[in-house]
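Student: Got a structure for you, upload03.txt, holding compact mmCIF, C-alpha atoms and all ligand atoms.
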# COMPACT_ATOMS: atom_id res chain seq x y z
CA MET A 1 -146.05 103.98 183.89
CA ASN A 2 -147.88 101.68 181.51
CA SER A 3 -149.50 98.29 181.47
CA SER A 4 -146.82 96.39 179.58
CA ILE A 5 -144.58 93.81 181.23
CA GLU A 6 -141.89 95.05 183.58
CA LEU A 7 -138.55 93.54 182.53
CA ILE A 8 -136.21 95.21 185.01
CA LYS A 9 -136.87 96.85 188.30
CA THR A 10 -134.19 98.11 190.65
CA GLU A 11 -134.81 98.79 194.31
CA ASN A 12 -132.50 101.17 196.17
CA LEU A 13 -129.66 99.96 193.98
CA THR A 14 -126.32 101.17 195.30
CA LYS A 15 -122.70 100.53 194.33
CA HIS A 16 -119.77 102.02 196.20
CA PHE A 17 -116.12 101.56 195.33
CA THR A 18 -113.26 102.07 197.74
CA VAL A 19 -110.16 103.41 196.04
CA LYS A 20 -106.75 104.40 197.32
CA LYS A 21 -106.05 108.03 196.89
CA GLY A 22 -103.13 110.35 197.54
CA LEU A 23 -99.54 109.75 198.54
CA PHE A 24 -100.27 107.69 201.63
CA GLY A 25 -102.96 105.57 200.06
CA GLU A 26 -105.82 106.99 202.09
CA LYS A 27 -109.05 105.27 201.22
CA ALA A 28 -111.76 107.19 199.44
CA LEU A 29 -115.32 106.07 198.86
CA ILE A 30 -116.81 106.52 195.42
CA ARG A 31 -120.57 106.50 195.32
CA ALA A 32 -120.86 105.30 191.73
CA VAL A 33 -124.55 104.38 191.97
CA GLU A 34 -126.64 105.72 194.81
CA ASP A 35 -130.13 104.50 195.66
CA VAL A 36 -131.39 104.02 192.11
CA ASN A 37 -134.96 102.88 191.51
CA ILE A 38 -135.83 102.36 187.86
CA GLN A 39 -138.23 100.27 185.84
CA ILE A 40 -137.70 99.11 182.29
CA TYR A 41 -140.75 97.81 180.44
CA GLU A 42 -141.18 95.64 177.38
CA ASN A 43 -140.86 97.37 174.00
CA MET A 44 -139.25 100.41 175.47
CA VAL A 45 -136.02 102.31 175.03
CA PHE A 46 -134.97 103.44 178.47
CA SER A 47 -131.99 105.76 178.22
CA VAL A 48 -129.60 106.93 180.88
CA VAL A 49 -127.77 110.19 180.21
CA GLY A 50 -125.16 112.02 182.19
CA GLU A 51 -121.60 113.22 182.00
CA SER A 52 -118.64 110.90 182.11
CA GLY A 53 -118.21 109.52 185.63
CA SER A 54 -121.87 109.88 186.59
CA GLY A 55 -122.30 106.13 187.10
CA LYS A 56 -124.00 105.04 183.86
CA SER A 57 -121.69 102.12 183.09
CA THR A 58 -121.72 100.94 186.69
CA LEU A 59 -125.52 100.93 186.63
CA SER A 60 -125.55 98.96 183.39
CA ARG A 61 -122.99 96.44 184.69
CA LEU A 62 -125.06 95.90 187.83
CA ILE A 63 -128.13 95.22 185.71
CA LEU A 64 -126.12 92.81 183.54
CA LYS A 65 -125.00 91.04 186.73
CA LEU A 66 -121.37 91.71 185.87
CA LEU A 67 -120.99 93.53 189.20
CA GLU A 68 -122.44 92.83 192.63
CA PRO A 69 -124.33 95.70 194.23
CA THR A 70 -123.21 97.12 197.58
CA SER A 71 -126.88 97.12 198.51
CA GLY A 72 -130.28 97.08 196.91
CA ARG A 73 -131.98 94.67 194.56
CA ILE A 74 -132.52 94.01 190.87
CA TYR A 75 -135.52 92.11 189.60
CA PHE A 76 -135.85 90.58 186.16
CA LYS A 77 -139.51 89.91 185.38
CA GLY A 78 -140.20 89.82 189.08
CA SER A 79 -137.33 87.52 190.14
CA ASP A 80 -134.44 88.83 192.20
CA ILE A 81 -131.39 88.20 190.00
CA SER A 82 -129.17 87.53 193.01
CA GLU A 83 -131.35 84.56 193.89
CA LEU A 84 -131.63 82.84 190.52
CA ASP A 85 -130.86 79.12 190.34
CA LYS A 86 -128.69 77.72 187.57
CA GLU A 87 -131.54 77.49 185.08
CA GLY A 88 -132.87 80.93 186.00
CA LEU A 89 -129.44 82.46 185.59
CA LYS A 90 -129.01 80.85 182.20
CA SER A 91 -132.29 82.22 180.94
CA PHE A 92 -131.45 85.65 182.38
CA ARG A 93 -128.09 85.52 180.55
CA ARG A 94 -129.94 84.75 177.34
CA ALA A 95 -132.69 87.32 177.75
CA VAL A 96 -130.40 90.22 178.62
CA GLN A 97 -127.69 90.90 176.05
CA VAL A 98 -125.07 93.60 175.83
CA VAL A 99 -123.51 95.75 173.15
CA PHE A 100 -120.43 97.62 174.37
CA GLN A 101 -118.80 100.82 173.21
CA ASP A 102 -115.77 99.24 171.59
CA PRO A 103 -116.73 96.52 169.11
CA PHE A 104 -113.13 95.52 168.53
CA ALA A 105 -112.50 94.74 172.20
CA SER A 106 -115.78 92.80 172.32
CA LEU A 107 -114.79 90.39 169.55
CA ASN A 108 -112.18 87.66 169.66
CA PRO A 109 -109.56 88.54 167.01
CA ARG A 110 -108.68 84.88 166.49
CA GLN A 111 -112.17 83.57 165.78
CA SER A 112 -114.19 83.90 162.61
CA ILE A 113 -117.41 85.86 162.73
CA PHE A 114 -119.27 82.62 162.11
CA SER A 115 -117.94 80.96 165.22
CA GLN A 116 -118.53 84.02 167.39
CA ILE A 117 -122.15 84.39 166.35
CA ALA A 118 -122.76 80.63 166.41
CA GLU A 119 -121.36 80.22 169.91
CA PRO A 120 -124.30 81.69 171.87
CA LEU A 121 -126.67 79.70 169.63
CA LYS A 122 -124.86 76.54 170.65
CA ILE A 123 -124.65 77.42 174.34
CA HIS A 124 -128.35 78.10 174.52
CA LYS A 125 -129.21 75.18 172.22
CA LEU A 126 -131.12 77.42 169.83
CA ALA A 127 -129.96 75.78 166.63
CA SER A 128 -128.85 72.33 165.58
CA LYS A 129 -125.43 71.91 164.01
CA LYS A 130 -126.80 71.89 160.50
CA GLU A 131 -129.00 74.92 161.09
CA LEU A 132 -126.13 77.06 162.37
CA LYS A 133 -124.86 78.29 159.05
CA ASP A 134 -128.30 79.43 157.89
CA ARG A 135 -129.00 81.11 161.20
CA VAL A 136 -125.72 83.03 161.16
CA ALA A 137 -126.37 84.03 157.54
CA GLN A 138 -129.83 85.35 158.46
CA LEU A 139 -128.42 87.26 161.43
CA LEU A 140 -125.72 88.88 159.34
CA GLU A 141 -128.30 89.89 156.75
CA SER A 142 -130.56 91.35 159.41
CA VAL A 143 -127.79 93.73 160.49
CA GLY A 144 -126.88 94.70 156.92
CA LEU A 145 -123.81 92.49 156.44
CA LYS A 146 -123.06 90.02 153.68
CA PRO A 147 -123.59 86.37 154.72
CA GLU A 148 -120.71 85.33 152.47
CA HIS A 149 -118.36 87.22 154.82
CA MET A 150 -119.11 84.94 157.77
CA TYR A 151 -115.75 83.18 157.69
CA ARG A 152 -113.82 86.41 157.89
CA TYR A 153 -112.09 87.70 161.02
CA PRO A 154 -112.81 90.88 162.98
CA HIS A 155 -109.83 92.83 161.58
CA GLU A 156 -111.25 92.46 158.06
CA PHE A 157 -114.21 94.68 158.96
CA SER A 158 -114.57 98.41 159.60
CA GLY A 159 -115.57 99.77 163.02
CA GLY A 160 -119.20 100.18 161.99
CA GLN A 161 -119.30 96.67 160.55
CA ARG A 162 -117.79 95.27 163.73
CA GLN A 163 -120.50 96.96 165.77
CA ARG A 164 -123.05 95.32 163.41
CA ILE A 165 -121.42 91.96 164.17
CA CYS A 166 -121.74 92.59 167.92
CA ILE A 167 -125.39 93.49 167.40
CA ALA A 168 -125.95 90.30 165.38
CA ARG A 169 -124.37 88.27 168.15
CA ALA A 170 -126.59 89.92 170.75
CA LEU A 171 -129.67 89.26 168.61
CA SER A 172 -128.76 85.63 167.96
CA VAL A 173 -130.32 84.41 171.21
CA MET A 174 -133.54 86.40 170.79
CA PRO A 175 -133.04 88.66 173.78
CA GLU A 176 -135.75 90.68 175.48
CA LEU A 177 -133.46 93.46 176.64
CA ILE A 178 -130.32 94.83 175.03
CA VAL A 179 -128.05 96.86 177.24
CA ALA A 180 -126.13 99.20 174.96
CA ASP A 181 -123.43 101.20 176.73
CA GLU A 182 -122.36 104.06 174.45
CA PRO A 183 -122.65 101.82 171.37
CA LEU A 184 -121.94 104.68 168.97
CA SER A 185 -119.16 106.50 170.81
CA SER A 186 -116.22 104.72 169.23
CA LEU A 187 -117.53 105.21 165.68
CA ASP A 188 -117.06 108.00 163.15
CA VAL A 189 -119.92 110.45 163.15
CA SER A 190 -120.98 109.41 159.64
CA ILE A 191 -121.17 105.78 160.75
CA GLN A 192 -123.02 106.59 163.99
CA ALA A 193 -126.17 107.53 162.06
CA GLN A 194 -126.12 104.20 160.19
CA ILE A 195 -125.84 102.17 163.39
CA LEU A 196 -128.53 104.28 165.02
CA ASN A 197 -130.80 103.58 162.04
CA LEU A 198 -130.12 99.88 162.42
CA LEU A 199 -130.98 99.99 166.14
CA THR A 200 -134.16 101.91 165.37
CA GLU A 201 -135.17 99.35 162.75
CA LEU A 202 -134.55 96.49 165.19
CA LYS A 203 -136.52 98.22 167.91
CA GLU A 204 -139.47 98.61 165.56
CA LYS A 205 -139.34 95.13 164.04
CA ARG A 206 -138.65 93.02 167.11
CA ASN A 207 -140.09 92.75 170.57
CA LEU A 208 -137.05 94.42 172.07
CA SER A 209 -136.31 96.75 174.91
CA PHE A 210 -133.13 98.72 175.33
CA LEU A 211 -131.25 100.11 178.24
CA PHE A 212 -129.43 102.70 176.22
CA ILE A 213 -126.51 104.53 177.78
CA SER A 214 -125.23 107.66 176.15
CA HIS A 215 -123.81 111.06 176.82
CA ASP A 216 -125.00 112.28 173.39
CA LEU A 217 -128.30 114.04 173.92
CA ASN A 218 -129.14 114.32 170.24
CA VAL A 219 -128.95 110.55 169.90
CA VAL A 220 -130.92 110.01 173.10
CA ARG A 221 -133.66 112.38 171.99
CA TYR A 222 -134.03 110.56 168.70
CA PHE A 223 -133.91 106.99 169.99
CA SER A 224 -135.50 106.95 173.45
CA ASP A 225 -138.97 106.54 174.82
CA TYR A 226 -138.03 107.36 178.37
CA VAL A 227 -134.94 109.04 179.82
CA ALA A 228 -133.27 109.03 183.23
CA VAL A 229 -130.73 111.76 183.94
CA MET A 230 -127.88 110.67 186.19
CA TYR A 231 -125.62 112.93 188.19
CA ALA A 232 -122.93 111.71 190.61
CA GLY A 233 -124.56 108.29 190.95
CA CYS A 234 -128.09 109.62 191.51
CA ILE A 235 -131.02 109.81 189.15
CA VAL A 236 -132.09 113.45 189.33
CA GLU A 237 -134.85 113.42 186.74
CA GLU A 238 -136.90 110.91 184.73
CA ALA A 239 -139.45 111.57 182.02
CA SER A 240 -140.61 110.58 178.58
CA ALA A 241 -138.05 111.73 176.02
CA LYS A 242 -140.52 114.27 174.65
CA ALA A 243 -141.32 115.84 178.03
CA LEU A 244 -137.70 115.86 179.12
CA PHE A 245 -136.38 117.66 176.07
CA GLU A 246 -139.32 120.02 175.67
CA ASN A 247 -139.51 120.93 179.30
CA PRO A 248 -136.52 119.89 181.41
CA LEU A 249 -137.33 120.46 185.08
CA HIS A 250 -134.07 119.74 186.91
CA PRO A 251 -131.39 122.46 186.71
CA TYR A 252 -128.82 119.80 185.78
CA THR A 253 -130.96 118.52 182.90
CA ARG A 254 -131.21 122.09 181.64
CA VAL A 255 -127.43 122.55 181.85
CA LEU A 256 -126.94 119.29 179.96
CA ILE A 257 -129.39 120.20 177.22
CA GLU A 258 -128.02 123.72 176.87
CA SER A 259 -124.45 122.47 176.61
CA ALA A 260 -125.22 119.77 174.03
CA PRO A 261 -124.04 120.64 170.55
CA SER A 262 -126.85 120.95 168.06
CA ILE A 263 -127.07 122.02 164.43
CA GLU A 264 -128.28 125.47 165.47
CA LYS A 265 -125.47 125.82 167.97
CA MET A 266 -122.70 124.53 165.70
CA ASN A 267 -121.42 128.04 165.08
CA THR A 268 -121.33 129.16 168.68
CA PRO A 269 -118.53 127.89 170.90
CA ARG A 270 -119.48 125.07 173.23
CA ARG A 271 -119.70 125.95 176.90
CA PRO A 272 -117.62 123.35 178.74
CA LEU A 273 -119.06 121.46 181.68
CA THR A 274 -116.85 120.79 184.64
CA GLN A 275 -116.47 117.22 185.88
CA GLY A 276 -119.05 115.85 188.26
CA GLN A 277 -117.95 115.55 191.88
CA GLN A 278 -117.61 112.17 193.52
CA ASP A 279 -117.20 113.13 197.15
CA GLY A 280 -117.12 110.30 199.63
CA ASP A 281 -118.96 112.35 202.20
CA ALA A 282 -121.40 113.97 199.83
CA ASN A 283 -124.29 111.99 201.16
CA GLN A 284 -125.83 115.11 202.59
CA GLY A 285 -127.49 117.65 200.40
CA CYS A 286 -128.22 117.66 196.71
CA PRO A 287 -125.41 116.11 194.65
CA PHE A 288 -125.69 118.99 192.18
CA TYR A 289 -125.63 121.69 194.86
CA THR A 290 -122.10 122.97 194.21
CA ARG A 291 -122.75 123.50 190.52
CA CYS A 292 -126.39 124.47 190.59
CA PRO A 293 -127.13 127.96 189.30
CA GLU A 294 -130.41 127.97 191.24
CA ALA A 295 -129.43 126.41 194.58
CA LEU A 296 -131.33 127.32 197.74
CA GLY A 297 -130.08 127.14 201.33
CA ILE A 298 -131.82 123.82 201.94
CA CYS A 299 -130.06 122.18 198.95
CA LYS A 300 -126.79 122.12 200.86
CA ASP A 301 -128.12 120.26 203.87
CA GLU A 302 -130.87 118.05 202.60
CA ARG A 303 -131.00 115.67 199.69
CA PRO A 304 -134.09 116.16 197.55
CA GLU A 305 -135.99 112.93 196.92
CA LEU A 306 -136.89 111.81 193.42
CA LEU A 307 -140.62 112.54 193.54
CA ASN A 308 -143.47 112.01 191.12
CA LYS A 309 -144.50 115.11 189.26
CA GLY A 310 -147.41 114.13 187.04
CA ASN A 311 -146.09 111.26 184.96
CA ARG A 312 -142.47 112.20 185.41
CA LYS A 313 -140.05 112.36 188.35
CA VAL A 314 -137.67 115.01 189.58
CA ALA A 315 -135.39 115.45 192.59
CA CYS A 316 -135.22 119.19 193.19
CA PHE A 317 -136.51 121.50 195.92
CA ARG A 318 -137.13 124.16 193.28
CA VAL A 319 -139.68 122.14 191.35
N1 LIG B 401 -114.05 99.22 189.25
C1 LIG B 401 -114.03 100.45 189.76
N2 LIG B 401 -113.24 100.76 190.81
C2 LIG B 401 -113.23 102.00 191.33
N3 LIG B 401 -113.98 103.02 190.88
C3 LIG B 401 -114.77 102.77 189.82
C4 LIG B 401 -114.85 101.49 189.20
N4 LIG B 401 -115.74 101.56 188.17
C5 LIG B 401 -116.19 102.82 188.14
N5 LIG B 401 -115.61 103.56 189.14
C6 LIG B 401 -115.88 104.97 189.45
O1 LIG B 401 -117.29 105.11 189.59
C7 LIG B 401 -117.73 106.35 189.04
C8 LIG B 401 -118.76 106.07 187.95
O2 LIG B 401 -118.10 105.48 186.85
P1 LIG B 401 -118.89 104.95 185.56
O3 LIG B 401 -119.99 104.10 186.00
O4 LIG B 401 -117.87 104.35 184.65
O5 LIG B 401 -119.46 106.30 184.93
P2 LIG B 401 -119.93 106.65 183.43
O6 LIG B 401 -120.18 105.37 182.72
O7 LIG B 401 -121.14 107.50 183.63
O8 LIG B 401 -118.81 107.43 182.83
C9 LIG B 401 -116.48 107.05 188.53
O9 LIG B 401 -116.04 107.93 189.54
C10 LIG B 401 -115.50 105.91 188.33
O10 LIG B 401 -114.17 106.35 188.46
MG MG B 402 -119.41 104.68 180.90
Would you mind writing the file out in structure tokens?

Tutor:
Amino acid sequence: MNSSIELIKTENLTKHFTVKKGLFGEKALIRAVEDVNIQIYENMVFSVVGESGSGKSTLSRLILKLLEPTSGRIYFKGSDISELDKEGLKSFRRAVQVVFQDPFASLNPRQSIFSQIAEPLKIHKLASKKELKDRVAQLLESVGLKPEHMYRYPHEFSGGQRQRICIARALSVMPELIVADEPLSSLDVSIQAQILNLLTELKEKRNLSFLFISHDLNVVRYFSDYVAVMYAGCIVEEASAKALFENPLHPYTRVLIESAPSIEKMNTPRRPLTQGQQDGDANQGCPFYTRCPEALGICKDERPELLNKGNRKVACFRV
């Protein structure tokens, strides 16, 4: 896509879960992530959008190496992350940081903010004991918090402030990629804009890439460089944010964009989307077939491949 350094590349990345279902505990297969091939470059916000249950968090947890894939590979700067030695794994753990949806659950209630931000600095030997206090103070300032509050505990902060603390902790080790899984979803709408502004400022000031997961299209449009649309574990469309929102090609992307609330649509009732299907045997045909307003006969029997279309990609027989 461009000449900058490739941070993450996935190859046929797949994660299936087996769950017990029904009265007799019959096993069902959930295809949470199905054959995903993405590339995330330096200095880029790569967003993944899709309804709840489409596989976004599973994809992000695979990339964070918090989950083992069923099949497929993940490369970080060219190295397969399943084959890293101890040193390699440690530098991967430093370079790829995470900010979760719920900042309260991500912080230890019994530790001061100072010790939680200082901990990764100590683990990765990025500051000496006497530098720690200054470093934590700088980090708090860089996310808009008061350094003099560093000895306070998580419950003494608001939700937005706690998310700032999580961001400071992620930044402490000078990461190259921040995986942010719905980082605004647990916050009040008025606070969401402030955190989004902070993320935008960090993206512009630092050499940072984001894997940004969200179901909020307005946020994604504002913050992203490149967007992948996920449906039932599959990426159905990928394009620059501008191209995707100005000219969505996949019928699912169009449904998503049309159903997103926007200022203009505030006064018209929102058309609800039904839940995405997770059929164990849905390996045949297009995953969106049953809901697609434009489906053809072939869509039922054959799965469309994600194919290049100029400098974007789409998986649809119609396009
Ligand atoms: N640990 C798990 N065990 C079983 N099923 C799971 C597990 N994690 C996720 N799933 C299932 O995988 C699918 C994708 O989930 P998820 O990745 O959380 O989607 P999203 O983040 O887009 O809402 C869902 O059907 C979900 O129920
Ligand atoms: Mg999720």

Student: Residues within 12 Å of (-142.8, 96.4, 180.8), file coordinates, counting all atoms listed in the file: what are they? Give the list as a list of chain:residue names.

Tutor: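 The residues near that point, listed by chain and number, are A:Met1, A:Asn2, A:Ser3, A:Ser4, A:Ile5, A:Glu6, A:Leu7, A:Ile8, A:Lys9, A:Ile38, A:Gln39, A:Ile40, A:Tyr41, A:Glu42, A:Asn43, A:Met44, A:Val45, A:Phe46, A:Phe76, A:Lys77, A:Gly78, A:Glu176, A:Leu177, A:Asn207, A:Leu208, A:Ser209, A:Phe210.
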
Student: To check your reading of the model: which residues sit at most 12 Å from ligand MG 402 (chain B) when counting all atoms listed in the file? Write the answer as a list in words.

Tutor: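 I would give the residues around ligand MG 402 (chain B) as Ala32, Val48, Val49, Gly50, Glu51, Ser52, Gly53, Ser54, Gly55, Lys56, Ser57, Thr58, Leu59, Ser60, Arg61, Phe100, Gln101, Asp102, Ala180, Asp181, Glu182, Pro183, Ser185, Phe212, Ile213, Ser214, His215, Met230 and Gly233 of chain A.
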
Student: Of the candidates A:Leu29, A:Leu198, A:Ile191, A:Leu13, which shows the shortest atom-to-atom distance to ligand LIG 401 (chain B), using all atoms listed in the file?

Tutor: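 Closest to ligand LIG 401 (chain B) of all the choices is A:Leu29.
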
Student: Leaving out stretch 243-245 of chain A and any residue of its chain fewer than 3 positions from it, which residues lie within 9 Å of it when counting only C-alpha atoms, given as a list in words?

Tutor: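 Returned residues: Arg221, Tyr226, Val227, Glu237, Glu238, Ala239, Ser240, Pro248, Leu249, Thr253, Arg254, Ile257 and Arg312 of chain A.
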
Student: Using all atoms listed in the file, which of the listed residues (A:Pro251, A:Cys234, A:Arg169, A:Lys86) sits closest to A:Leu306?

Tutor: A:Cys234

Student: Pick the closest to ligand LIG 401 (chain B) from A:Asp225, A:Ile235, A:Cys166, A:Lys133: which is it, counting all atoms listed in the file?

Tutor: A:Ile235

Student: Out of A:Leu121, A:Cys299, A:Ile74, A:Leu126, which residue has the shortest atom-to-atom distance to A:Val36 when counting only C-alpha atoms?

Tutor: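 Nearest candidate to A:Val36 out of A:Leu121, A:Cys299, A:Ile74, A:Leu126: A:Ile74.
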
Student: Counting all atoms listed in the file, which of A:Ala127, A:Cys316, A:Leu199, A:Val33 gets nearest to A:Glu302?

Tutor: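 The answer is A:Cys316, which sits nearest to A:Glu302.
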
Student: With distances taken over only C-alpha atoms and all ligand atoms, which of A:Ala232, A:Val136, A:Pro261, A:Ser71 is nearest to ligand LIG 401 (chain B)?

Tutor: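 Among A:Ala232, A:Val136, A:Pro261, A:Ser71, it is A:Ala232 that comes nearest to ligand LIG 401 (chain B).
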
Student: Tell me, in Å to one decimal, how far atom CA of A:Pro120 is from atom CA of A:Leu84.

Tutor: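 For atom CA of A:Pro120 relative to atom CA of A:Leu84, the distance reads 20.1 Å.
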
Student: Residues proximal to (-116.9, 94.1, 172.1) were defined as those with any atom within 10 Å of that point in the file's coordinates, counting only C-alpha atoms. Which are they, as a list of chain:residue names?

Tutor: A:Val98, A:Val99, A:Phe100, A:Gln101, A:Asp102, A:Pro103, A:Phe104, A:Ala105, A:Ser106, A:Leu107, A:Asn108, A:Arg162, A:Gln163, A:Ile165, A:Cys166, A:Ile167, A:Pro183

Student: One number please: atom C10 of ligand LIG 401 (chain B) to atom CA of A:Phe17, in Å, one decimal.

Tutor: 8.3 Å
